[in-house]
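What follows is the content of model16.txt, which has compact mmCIF, C-alpha atoms:
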# COMPACT_ATOMS: atom_id res chain seq x y z
CA MET N 13 -15.44 -12.23 10.45
CA ARG N 14 -11.71 -12.11 9.83
CA LEU N 15 -11.01 -11.08 13.42
CA LEU N 16 -13.25 -13.90 14.69
CA LEU N 17 -11.24 -16.44 12.70
CA ILE N 18 -8.01 -15.02 14.07
CA ALA N 19 -9.39 -15.23 17.59
CA LEU N 20 -10.47 -18.86 17.12
CA CYS N 21 -7.06 -19.76 15.72
CA PHE N 22 -5.50 -17.90 18.56
CA GLY N 23 -7.38 -19.88 21.21
CA ILE N 24 -6.30 -23.16 19.71
CA LEU N 25 -2.67 -22.14 19.47
CA PHE N 26 -2.58 -20.89 23.04
CA ARG N 27 -3.38 -24.39 24.25
CA SER N 28 -0.28 -25.79 22.57
CA HIS N 29 2.58 -27.19 24.59
CA ALA N 30 4.99 -24.86 26.36
CA GLN N 31 8.25 -23.92 24.70
CA ASN N 32 10.17 -25.42 27.61
CA SER N 33 9.80 -28.66 25.65
CA TYR N 34 10.38 -26.96 22.30
CA GLN N 35 11.94 -29.19 19.69
CA PRO N 36 12.78 -27.24 16.53
CA THR N 37 11.54 -28.75 13.31
CA ALA N 38 13.84 -29.82 10.51
CA ASP N 39 12.79 -26.69 8.62
CA ASN N 40 13.68 -24.54 11.61
CA LEU N 41 17.10 -26.14 11.98
CA ALA N 42 17.72 -25.63 8.26
CA ALA N 43 16.67 -21.99 8.63
CA ARG N 44 19.12 -21.56 11.51
CA LYS N 45 21.98 -22.87 9.39
CA ALA N 46 20.99 -20.68 6.45
CA PHE N 47 20.81 -17.69 8.80
CA GLN N 48 24.37 -18.38 9.97
CA ASP N 49 25.47 -18.64 6.34
CA ASP N 50 23.88 -15.29 5.44
CA LYS N 51 26.19 -13.26 7.70
CA PHE N 52 24.97 -9.77 6.68
CA GLY N 53 21.59 -8.08 7.01
CA MET N 54 19.97 -4.64 6.93
CA PHE N 55 18.19 -3.30 10.01
CA ILE N 56 15.51 -0.65 9.34
CA HIS N 57 14.12 1.60 12.09
CA TRP N 58 11.26 3.54 10.53
CA GLY N 59 8.10 5.04 11.94
CA VAL N 60 6.19 8.28 12.48
CA TYR N 61 8.96 9.36 14.87
CA SER N 62 11.11 10.07 11.80
CA ILE N 63 9.07 13.25 11.26
CA LEU N 64 10.66 14.84 14.33
CA GLY N 65 14.17 13.84 13.21
CA ASP N 66 15.45 12.91 16.65
CA GLY N 67 15.43 9.12 16.81
CA GLU N 68 12.89 6.44 17.65
CA TRP N 69 12.85 7.13 21.43
CA ILE N 70 11.65 10.74 21.07
CA MET N 71 8.21 10.09 22.59
CA ASN N 72 9.88 8.96 25.80
CA GLN N 73 12.86 11.34 25.78
CA ARG N 74 10.81 14.47 25.15
CA GLN N 75 8.00 13.21 27.38
CA ILE N 76 5.37 13.61 24.68
CA PRO N 77 1.90 12.55 25.89
CA ILE N 78 -0.15 10.17 23.76
CA LYS N 79 -2.71 12.86 22.92
CA ASP N 80 0.05 14.95 21.34
CA TYR N 81 2.06 12.10 19.81
CA GLU N 82 -1.11 10.87 18.06
CA LYS N 83 -0.96 14.01 15.91
CA LEU N 84 2.19 12.79 14.15
CA PRO N 85 0.63 10.20 11.82
CA ALA N 86 -1.35 12.94 10.07
CA PHE N 87 1.98 14.37 8.85
CA PHE N 88 3.52 11.05 7.79
CA ASN N 89 3.26 10.74 4.01
CA PRO N 90 6.33 8.92 2.64
CA THR N 91 5.55 9.33 -1.05
CA ALA N 92 9.22 8.76 -1.98
CA PHE N 93 9.24 5.27 -0.46
CA ASP N 94 10.28 2.68 -3.04
CA ALA N 95 10.43 -0.90 -1.77
CA LYS N 96 12.24 -2.08 -4.89
CA GLU N 97 14.92 0.55 -4.34
CA TRP N 98 15.38 -0.39 -0.68
CA VAL N 99 15.67 -4.12 -1.34
CA ALA N 100 18.02 -3.63 -4.28
CA MET N 101 20.19 -1.37 -2.12
CA ALA N 102 20.45 -4.05 0.56
CA LYS N 103 21.11 -6.78 -1.99
CA ASN N 104 23.82 -4.78 -3.77
CA ALA N 105 25.53 -4.16 -0.43
CA GLY N 106 25.79 -7.93 0.02
CA MET N 107 23.01 -8.18 2.60
CA LYS N 108 20.96 -11.37 2.62
CA TYR N 109 18.04 -10.32 4.82
CA ILE N 110 16.16 -7.27 6.06
CA THR N 111 14.79 -6.72 9.57
CA ILE N 112 12.26 -3.87 9.76
CA THR N 113 10.28 -2.38 12.62
CA SER N 114 6.68 -3.59 12.34
CA LYS N 115 5.90 -1.85 15.66
CA HIS N 116 8.35 0.06 17.84
CA HIS N 117 7.93 1.15 21.46
CA ASP N 118 5.57 3.98 20.47
CA GLY N 119 2.98 1.35 19.57
CA PHE N 120 2.39 2.57 16.00
CA ALA N 121 2.07 -0.29 13.50
CA MET N 122 3.79 0.15 10.14
CA TYR N 123 1.41 -2.29 8.49
CA ASP N 124 -2.36 -2.68 8.06
CA SER N 125 -3.41 -4.10 11.43
CA LYS N 126 -7.02 -5.18 11.85
CA VAL N 127 -6.90 -5.41 15.64
CA SER N 128 -6.10 -1.69 15.88
CA ASP N 129 -6.48 1.43 13.75
CA TYR N 130 -3.26 2.89 15.16
CA ASP N 131 -1.36 2.07 11.99
CA ILE N 132 0.00 3.51 8.78
CA VAL N 133 -3.04 2.63 6.67
CA ASP N 134 -5.71 4.02 8.99
CA ARG N 135 -3.97 7.05 10.48
CA THR N 136 -1.71 8.53 7.78
CA PRO N 137 -2.44 10.29 4.47
CA TYR N 138 -0.18 7.71 2.81
CA LYS N 139 -2.75 4.94 3.48
CA LYS N 140 -0.52 2.20 2.09
CA ASP N 141 0.94 -0.86 3.79
CA VAL N 142 4.72 -0.38 3.50
CA ILE N 143 5.37 -3.76 5.11
CA LYS N 144 3.32 -5.48 2.39
CA ALA N 145 5.22 -3.64 -0.33
CA LEU N 146 8.54 -4.54 1.26
CA ALA N 147 7.52 -8.18 1.81
CA ASP N 148 6.48 -8.55 -1.83
CA GLU N 149 9.74 -7.04 -3.04
CA CYS N 150 11.87 -9.13 -0.70
CA HIS N 151 10.20 -12.29 -1.99
CA ALA N 152 10.72 -11.09 -5.59
CA GLN N 153 14.43 -10.34 -5.11
CA GLY N 154 15.27 -13.34 -2.92
CA ILE N 155 15.90 -11.42 0.29
CA LYS N 156 14.60 -12.80 3.59
CA LEU N 157 12.35 -10.57 5.69
CA PHE N 158 12.42 -10.38 9.48
CA PHE N 159 10.09 -8.29 11.66
CA TYR N 160 11.28 -6.29 14.64
CA HIS N 161 8.37 -6.20 17.11
CA SER N 162 8.34 -4.36 20.42
CA HIS N 163 7.23 -6.15 23.56
CA LEU N 164 6.63 -2.88 25.37
CA ASP N 165 4.08 -0.34 24.17
CA TRP N 166 3.92 3.31 25.28
CA HIS N 167 0.52 3.75 23.62
CA HIS N 168 -1.63 0.76 24.53
CA PRO N 169 -3.79 1.35 27.65
CA ASP N 170 -3.53 -2.26 28.84
CA TYR N 171 0.27 -2.21 29.02
CA PHE N 172 0.03 -2.20 32.80
CA PRO N 173 1.74 -2.29 35.22
CA ARG N 174 3.91 0.38 33.65
CA GLY N 175 7.50 -0.51 32.97
CA GLN N 176 10.59 1.64 33.34
CA THR N 177 9.94 3.73 30.22
CA GLY N 178 7.03 5.66 28.74
CA THR N 179 5.92 6.87 32.17
CA THR N 180 4.98 10.33 30.85
CA ALA N 181 2.67 9.09 28.09
CA GLY N 182 -0.46 9.95 30.07
CA ARG N 183 -1.96 6.46 30.11
CA PRO N 184 -4.48 5.54 32.84
CA GLN N 185 -2.96 3.96 35.94
CA SER N 186 -4.80 0.73 35.34
CA GLY N 187 -5.02 -1.96 32.72
CA ASP N 188 -5.16 -5.67 31.99
CA PHE N 189 -1.74 -7.01 30.99
CA ASP N 190 -3.24 -10.27 29.72
CA LYS N 191 -5.39 -8.24 27.32
CA TYR N 192 -2.29 -6.45 26.12
CA LEU N 193 -0.46 -9.74 25.52
CA THR N 194 -3.45 -11.03 23.56
CA TYR N 195 -3.33 -7.83 21.49
CA MET N 196 0.40 -8.27 20.88
CA ASP N 197 0.05 -11.91 19.89
CA THR N 198 -2.87 -11.10 17.60
CA GLN N 199 -0.69 -8.56 15.79
CA LEU N 200 2.02 -11.20 15.48
CA THR N 201 -0.59 -13.55 14.03
CA GLU N 202 -1.41 -10.91 11.42
CA LEU N 203 2.26 -10.48 10.52
CA LEU N 204 2.82 -14.23 10.20
CA THR N 205 -0.39 -14.83 8.25
CA ASN N 206 -0.61 -12.03 5.70
CA TYR N 207 2.95 -11.41 4.46
CA GLY N 208 4.21 -14.74 3.19
CA PRO N 209 7.19 -16.66 4.59
CA ILE N 210 8.89 -14.66 7.34
CA GLY N 211 12.54 -15.24 8.23
CA GLY N 212 12.23 -14.29 11.88
CA ILE N 213 10.77 -12.18 14.66
CA TRP N 214 13.22 -9.81 16.37
CA PHE N 215 11.78 -8.93 19.78
CA ASP N 216 12.78 -5.92 21.85
CA GLY N 217 11.53 -4.34 25.08
CA TRP N 218 11.48 -7.33 27.46
CA TRP N 219 13.97 -5.40 29.59
CA ASP N 220 11.32 -2.73 30.32
CA GLN N 221 9.91 -5.09 32.96
CA SER N 222 13.20 -6.52 34.23
CA ALA N 223 13.43 -6.99 38.00
CA HIS N 224 17.21 -6.31 37.80
CA ASP N 225 17.81 -9.29 40.04
CA LYS N 226 21.53 -10.12 39.93
CA LYS N 227 20.84 -13.61 41.25
CA ASP N 228 18.25 -14.26 38.54
CA PRO N 229 18.68 -11.96 35.48
CA HIS N 230 15.67 -13.61 33.82
CA LYS N 231 13.29 -12.43 36.55
CA THR N 232 10.67 -9.85 35.49
CA LEU N 233 7.98 -7.82 37.22
CA VAL N 234 5.31 -9.29 34.91
CA ASP N 235 4.81 -12.61 33.19
CA TRP N 236 5.55 -12.01 29.52
CA LYS N 237 4.24 -15.51 28.74
CA LEU N 238 7.06 -16.07 26.29
CA ASP N 239 6.18 -19.77 26.07
CA ARG N 240 2.77 -18.87 24.70
CA THR N 241 4.03 -16.28 22.23
CA TYR N 242 6.92 -18.41 21.00
CA SER N 243 4.64 -21.43 20.59
CA LEU N 244 2.23 -19.31 18.55
CA ILE N 245 5.00 -18.18 16.19
CA HIS N 246 6.40 -21.67 15.71
CA LYS N 247 2.94 -23.07 15.06
CA LEU N 248 2.15 -20.46 12.42
CA GLN N 249 5.52 -20.68 10.67
CA PRO N 250 7.85 -23.38 12.06
CA ALA N 251 10.84 -22.11 10.07
CA THR N 252 10.50 -18.57 11.43
CA LEU N 253 13.39 -17.85 13.78
CA ILE N 254 12.80 -16.15 17.13
CA GLY N 255 15.33 -13.81 18.72
CA ASN N 256 14.90 -11.49 21.68
CA ASN N 257 17.00 -8.46 22.53
CA HIS N 258 16.56 -9.03 26.25
CA HIS N 259 20.27 -8.80 27.12
CA VAL N 260 20.27 -12.06 29.09
CA ALA N 261 20.99 -15.69 28.23
CA PRO N 262 18.51 -17.21 25.74
CA PHE N 263 15.11 -18.47 26.87
CA PRO N 264 13.70 -21.84 25.73
CA GLY N 265 12.02 -21.46 22.35
CA GLU N 266 14.45 -18.91 20.93
CA ASP N 267 16.32 -19.73 17.74
CA PHE N 268 19.08 -17.11 17.61
CA GLN N 269 20.78 -14.78 20.07
CA MET N 270 21.53 -11.13 19.39
CA PHE N 271 23.91 -8.61 20.88
CA GLU N 272 23.15 -4.89 20.70
CA LYS N 273 26.10 -2.74 19.58
CA ASP N 274 28.56 -5.36 20.85
CA LEU N 275 30.36 -8.37 19.50
CA PRO N 276 29.52 -11.63 21.29
CA GLY N 277 31.53 -11.90 24.48
CA GLN N 278 32.07 -8.15 24.77
CA ASN N 279 30.21 -5.59 26.87
CA LYS N 280 31.49 -2.21 25.75
CA THR N 281 28.01 -0.66 25.73
CA GLY N 282 26.86 -2.11 29.06
CA PHE N 283 23.95 -4.00 27.49
CA SER N 284 25.54 -7.46 27.48
CA GLY N 285 26.67 -8.01 31.06
CA GLU N 286 24.22 -10.89 31.49
CA SER N 287 24.29 -12.05 27.86
CA ILE N 288 25.93 -15.42 28.37
CA ILE N 289 26.58 -16.88 24.93
CA GLY N 290 24.39 -19.89 24.30
CA GLN N 291 24.43 -22.56 21.59
CA LEU N 292 22.24 -20.66 19.14
CA PRO N 293 23.23 -18.77 15.98
CA LEU N 294 24.52 -15.29 16.87
CA GLU N 295 23.92 -11.79 15.56
CA THR N 296 25.26 -8.34 16.43
CA CYS N 297 23.56 -5.09 15.40
CA GLU N 298 25.04 -1.63 14.95
CA THR N 299 24.17 1.79 13.54
CA MET N 300 25.76 3.62 10.60
CA ASN N 301 25.96 6.82 12.62
CA GLY N 302 24.91 7.08 16.28
CA ALA N 303 21.16 6.66 15.92
CA TRP N 304 18.69 3.90 15.06
CA GLY N 305 15.79 6.08 13.89
CA PHE N 306 16.34 9.09 11.61
CA ASN N 307 18.21 11.83 13.46
CA ILE N 308 18.73 14.96 11.41
CA LYS N 309 21.57 16.25 13.61
CA ASP N 310 23.53 13.01 13.87
CA ASN N 311 26.60 13.24 11.64
CA ARG N 312 28.70 10.66 13.50
CA TYR N 313 29.00 8.57 10.36
CA LYS N 314 31.09 5.42 10.58
CA SER N 315 33.50 4.95 7.69
CA THR N 316 33.21 2.18 5.13
CA LYS N 317 36.40 0.70 6.52
CA GLU N 318 35.02 0.69 10.04
CA LEU N 319 31.79 -1.01 9.01
CA VAL N 320 33.43 -3.60 6.76
CA GLN N 321 35.79 -4.45 9.59
CA TYR N 322 32.81 -4.80 11.93
CA LEU N 323 31.27 -7.27 9.46
CA VAL N 324 34.51 -9.24 9.36
CA LYS N 325 34.91 -9.19 13.14
CA ALA N 326 31.34 -10.39 13.56
CA ALA N 327 32.02 -13.33 11.25
CA GLY N 328 35.19 -14.07 13.20
CA HIS N 329 33.06 -14.18 16.36
CA ASN N 330 30.71 -16.62 14.59
CA ALA N 331 27.99 -13.96 14.31
CA ASN N 332 25.95 -12.16 11.68
CA PHE N 333 26.13 -8.40 11.29
CA LEU N 334 22.82 -6.50 11.19
CA LEU N 335 23.58 -2.95 10.03
CA ASN N 336 20.94 -0.29 10.63
CA VAL N 337 19.55 2.51 8.50
CA GLY N 338 16.96 5.03 9.71
CA PRO N 339 15.01 6.20 6.66
CA MET N 340 13.86 9.80 6.39
CA PRO N 341 10.15 10.66 6.76
CA ASN N 342 9.74 10.98 2.99
CA GLY N 343 10.71 7.31 2.56
CA LYS N 344 14.24 7.87 1.27
CA ILE N 345 17.38 6.48 2.88
CA GLN N 346 19.77 9.36 3.44
CA PRO N 347 22.55 9.72 0.86
CA GLU N 348 25.39 9.22 3.37
CA PHE N 349 24.07 5.72 4.05
CA VAL N 350 23.48 4.99 0.38
CA LYS N 351 27.09 5.84 -0.47
CA THR N 352 28.56 3.70 2.31
CA LEU N 353 26.34 0.71 1.51
CA ALA N 354 27.43 0.86 -2.13
CA GLU N 355 31.07 0.87 -1.06
CA MET N 356 30.48 -2.06 1.27
CA GLY N 357 28.91 -3.85 -1.67
CA GLN N 358 32.09 -3.41 -3.67
CA TRP N 359 33.99 -5.12 -0.86
CA THR N 360 31.53 -8.01 -0.44
CA GLN N 361 31.48 -8.65 -4.18
CA LYS N 362 35.22 -9.22 -4.11
CA ASN N 363 35.64 -10.81 -0.70
CA GLY N 364 32.25 -12.23 0.29
CA GLU N 365 33.55 -15.75 -0.19
CA THR N 366 35.62 -15.30 2.98
CA ILE N 367 32.50 -14.34 4.99
CA TYR N 368 29.34 -15.99 3.63
CA GLY N 369 28.83 -19.58 4.70
CA THR N 370 31.80 -19.48 7.05
CA ARG N 371 32.09 -20.09 10.77
CA SER N 372 34.65 -18.71 13.20
CA GLY N 373 38.13 -20.00 12.42
CA PRO N 374 40.64 -21.93 14.53
CA VAL N 375 42.33 -18.78 15.86
CA PRO N 376 40.16 -16.74 18.26
CA ALA N 377 39.89 -13.00 17.70
CA ARG N 378 43.08 -11.02 18.28
CA ASP N 379 43.96 -7.33 18.20
CA TRP N 380 45.23 -7.76 14.65
CA GLY N 381 42.03 -9.41 13.36
CA VAL N 382 40.05 -12.64 13.15
CA THR N 383 39.84 -15.93 11.28
CA THR N 384 36.91 -17.52 9.45
CA ALA N 385 36.66 -21.02 8.03
CA ALA N 386 34.73 -22.98 5.42
CA GLY N 387 35.52 -26.64 4.80
CA ASN N 388 39.30 -27.06 4.67
CA ARG N 389 39.90 -23.35 4.00
CA VAL N 390 40.81 -20.88 6.72
CA PHE N 391 40.78 -17.15 6.03
CA VAL N 392 43.10 -14.99 8.12
CA HIS N 393 41.65 -11.47 8.14
CA ILE N 394 44.44 -9.02 8.99
CA LEU N 395 42.64 -5.82 10.01
CA ASN N 396 45.14 -3.97 12.14
CA TRP N 397 48.74 -4.99 11.54
CA GLN N 398 51.48 -3.08 9.73
CA ASP N 399 54.22 -5.68 9.64
CA ARG N 400 55.27 -8.25 7.09
CA GLN N 401 55.26 -11.06 9.64
CA LEU N 402 52.28 -12.27 11.63
CA THR N 403 52.53 -15.00 14.24
CA LEU N 404 49.50 -17.16 14.91
CA PRO N 405 49.06 -19.56 17.80
CA SER N 406 49.45 -23.25 17.11
CA VAL N 407 46.74 -24.96 15.07
CA SER N 408 46.22 -28.70 15.08
CA ALA N 409 45.63 -29.07 11.35
CA LYS N 410 48.48 -29.23 8.88
CA ILE N 411 48.66 -26.24 6.52
CA ARG N 412 49.15 -27.27 2.92
CA SER N 413 49.40 -23.81 1.35
CA ALA N 414 49.01 -20.10 2.05
CA LYS N 415 48.18 -17.34 -0.40
CA LEU N 416 46.75 -13.86 -0.55
CA PHE N 417 43.06 -14.11 -1.29
CA ALA N 418 43.11 -10.95 -3.43
CA ASP N 419 45.56 -12.06 -6.12
CA LYS N 420 46.34 -15.69 -5.14
CA SER N 421 50.05 -14.87 -4.77
CA PRO N 422 51.84 -17.29 -2.41
CA VAL N 423 52.52 -16.35 1.20
CA LYS N 424 55.52 -17.86 2.96
CA PHE N 425 54.71 -19.71 6.14
CA THR N 426 56.30 -21.89 8.75
CA GLN N 427 54.37 -24.22 11.04
CA SER N 428 55.58 -25.77 14.26
CA PRO N 429 54.08 -26.91 17.57
CA ASP N 430 54.76 -23.37 18.83
CA GLY N 431 52.66 -21.66 16.19
CA VAL N 432 52.42 -20.46 12.61
CA VAL N 433 54.37 -17.57 11.11
CA LEU N 434 53.05 -15.90 7.98
CA THR N 435 55.47 -13.72 5.98
CA LEU N 436 53.89 -11.35 3.49
CA ASN N 437 55.75 -9.80 0.56
CA ALA N 438 54.83 -6.38 1.97
CA ALA N 439 53.32 -5.09 5.18
CA PRO N 440 49.61 -4.11 4.97
CA SER N 441 49.18 -0.38 4.54
CA ALA N 442 47.66 1.70 7.32
CA ASP N 443 44.54 2.38 5.23
CA ALA N 444 44.02 -1.27 4.19
CA ILE N 445 40.55 -2.53 5.11
CA ASP N 446 41.34 -6.24 5.26
CA THR N 447 44.36 -8.18 4.09
CA ILE N 448 43.15 -11.77 3.71
CA VAL N 449 45.44 -14.78 3.73
CA GLU N 450 43.82 -18.03 2.63
CA LEU N 451 45.14 -21.18 4.24
CA GLU N 452 44.42 -24.58 2.74
CA MET N 453 44.34 -27.19 5.47
CA ALA N 454 44.88 -30.93 5.13
CA PRO N 455 41.64 -32.45 3.80
CA GLU N 456 41.28 -34.98 6.58
CA VAL N 457 40.80 -32.11 9.04
CA ALA N 458 37.64 -31.03 7.24
CA LYS N 459 36.12 -34.44 7.99
CA LYS N 460 36.40 -34.01 11.77
Will you turn the file into structure tokens for me?
Amino acid sequence: MRLLLIALCFGILFRSHAQNSYQPTADNLAARKAFQDDKFGMFIHWGVYSILGDGEWIMNQRQIPIKDYEKLPAFFNPTAFDAKEWVAMAKNAGMKYITITSKHHDGFAMYDSKVSDYDIVDRTPYKKDVIKALADECHAQGIKLFFYHSHLDWHHPDYFPRGQTGTTAGRPQSGDFDKYLTYMDTQLTELLTNYGPIGGIWFDGWWDQSAHDKKDPHKTLVDWKLDRTYSLIHKLQPATLIGNNHHVAPFPGEDFQMFEKDLPGQNKTGFSGESIIGQLPLETCETMNGAWGFNIKDNRYKSTKELVQYLVKAAGHNANFLLNVGPMPNGKIQPEFVKTLAEMGQWTQKNGETIYGTRSGPVPARDWGVTTAAGNRVFVHILNWQDRQLTLPSVSAKIRSAKLFADKSPVKFTQSPDGVVLTLNAAPSADAIDTIVELEMAPEVAKK
């Protein structure tokens, strides 16, 4: 009966207007602003792949057929999982939201899906809905919850024609893509119906069907029917934000734009060559070592300094920072991550005022650092500069005062049409994470 009701709801929603004419609601616009204010979130890649300890792409990379991969859930029993512990860890680090994989490319659902039994409740000895536990705890602790959801699916037989990945899964060389899209949208309906208010849906996998057309980067080999899916989401929860890790300019109906392992405007990883920055709120995501999913051999741990500076740089680029953890198969987050997150929390407790609720400042990013701004306050984040004097380009607003944010001690400055020169009492040390100079601007500037 429940599935019939979902199907009926589904049919009605599918007939809604296309997202090409999408007009975000007042609640959605407010959610966008709040998202930009949040600045810092936790990304969680967790699934049955964690058992093999070699990342979330292991089914594809090791060419594991479905019939063999389906044996993994029987060994997945994360009895050490503690939703309260996870959410508290994120909150203490200064994170304002959590984005967790509801279904990754392997097709395994980490929640109790009724449209499929290929999920954590039906296939594992754990038999508990970890997404429900996490959702309840997020709501209790005041942390927003986003769902990562994969467009592509290496397991579902109707994901056909095959994309560029998962070709060794052993699926039949036939299928009905429309049936697959209905399946995907029904799972999204479940996620947006049974887990309370959801902050956003974080899509990934669109690129699996990219036509790689340089003249039209948006062109795909199949019709993903994004209008239909986006309309469904906005009908179910208008304030839920939609983002898509497709590596191209935003589509109509999307509410924020993300950049994978790159700051907006950069393309160091090669993912963002076509990612023209739009007018939506921005987000960049990165790993704490080199992997998204748990990788037992990956010890390329980024330092606390490196990750705090990434957070600051993201804010200076007007973007949020979504920092990933890949929990172990027992449900624990590895101690190296726990330690670093706690240290980041110490920094955000002292300096979060210069990040949360800010937008990029009047001085674009430089080699030495970035600026952020809130009202008539501008924060100069000096990340890489070992000199007492720092010269900034000219700013139109009059500076009324300058002081170190840490101890409020005054900073000498001169301002002219040629620029601004800040003179510190001492040069920042080589191991300093962030030397922050707070500039108070003339109040009339804040009204512009």
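In this model, the gap between atom CA of Tyr207 of chain N and atom CA of Glu266 of chain N comes to 21.4 Å.
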Open item on the list: Using Å and a single decimal, report how far atom CA of Thr370 of chain N sits from atom CA of Pro440 of chain N.
Closed with: 23.6 Å
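Here the question is which of N:Pro262, N:Pro341, N:Gly187, N:Pro90 gets nearest to Lys139 of chain N using all atoms listed in the file, and that residue is N:Pro90.
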- [ ] Could you give me, as a PyMOL selection string, the residues within 8 Å of segment 430-435 of chain N, counting only C-alpha atoms and dropping anything in the same chain fewer than 3 positions from it?
- [x] chain N and resi 400-407+423-427
Just write the chosen residues, C-alpha atoms, as a compact mmCIF listing (two decimals), in the frame of the given file.
# COMPACT_ATOMS: atom_id res chain seq x y z
CA ARG N 400 55.27 -8.25 7.09
CA GLN N 401 55.26 -11.06 9.64
CA LEU N 402 52.28 -12.27 11.63
CA THR N 403 52.53 -15.00 14.24
CA LEU N 404 49.50 -17.16 14.91
CA PRO N 405 49.06 -19.56 17.80
CA SER N 406 49.45 -23.25 17.11
CA VAL N 407 46.74 -24.96 15.07
CA VAL N 423 52.52 -16.35 1.20
CA LYS N 424 55.52 -17.86 2.96
CA PHE N 425 54.71 -19.71 6.14
CA THR N 426 56.30 -21.89 8.75
CA GLN N 427 54.37 -24.22 11.04
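The gap separating atom CA of Tyr61 of chain N from atom CA of Asn342 of chain N is 12.0 Å, in Å to one decimal.
The protein and nucleic acid residues lying at most 10 Å from Arg371 of chain N are N:Gln48, N:Asp49, N:Lys51, N:Ala327, N:Gly328, N:His329, N:Asn330, N:Ala331, N:Thr366, N:Ile367, N:Tyr368, N:Pro374, N:Thr383, N:Thr384, N:Ala385, N:Ala386, N:Gly387, N:Val390, with only C-alpha atoms considered and sequence neighbours fewer than 3 positions away removed.
Among the candidate residues N:Arg312, N:His117, N:Arg183, N:Lys191, the one lying nearest to Asp220 of chain N is N:His117, with distances computed using only C-alpha atoms.
The set of protein, DNA and RNA residues with any counted atom at most 10 Å from (-1.5, 12.9, 23.8) (all atoms listed in the file) reads Ile76, Pro77, Ile78, Lys79, Asp80, Tyr81, Glu82, Lys83, His167, Thr180, Ala181, Gly182 and Arg183 of chain N.
Closest approach to Phe47 of chain N among N:Tyr123, N:Phe88, N:Phe283, N:Phe333: N:Phe333, based on all atoms listed in the file.
All polymer residues at most 9 Å from (23.9, -13.0, 0.5), using all atoms listed in the file, appear as N:Asp49, N:Asp50, N:Lys51, N:Phe52, N:Gly53, N:Lys103, N:Gly106, N:Met107, N:Lys108, N:Tyr109, N:Ile155, N:Gly364, N:Tyr368.
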Centre and size of axis-aligned box enclosing segment 423-440 of chain N plus 8 Å each side, as JSON:
{"center_x": 53.0, "center_y": -15.5, "center_z": 9.7, "size_x": 22.7, "size_y": 38.8, "size_z": 34.3}
Open item on the list: With all atoms listed in the file as the counted atoms, please give the residues lying no more than 8 Å from segment 140-150 of chain N, apart from itself and same-chain residues fewer than 5 positions off, as an NGL selection string.
Closed with: :N and (95-96 or 99 or 114 or 122-124 or 132-133 or 155-157 or 207-208)
Task: Nearest candidate to Trp98 of chain N (options N:Ala438, N:Ile288, N:Val337, N:Ala251; using only C-alpha atoms) - done: N:Val337
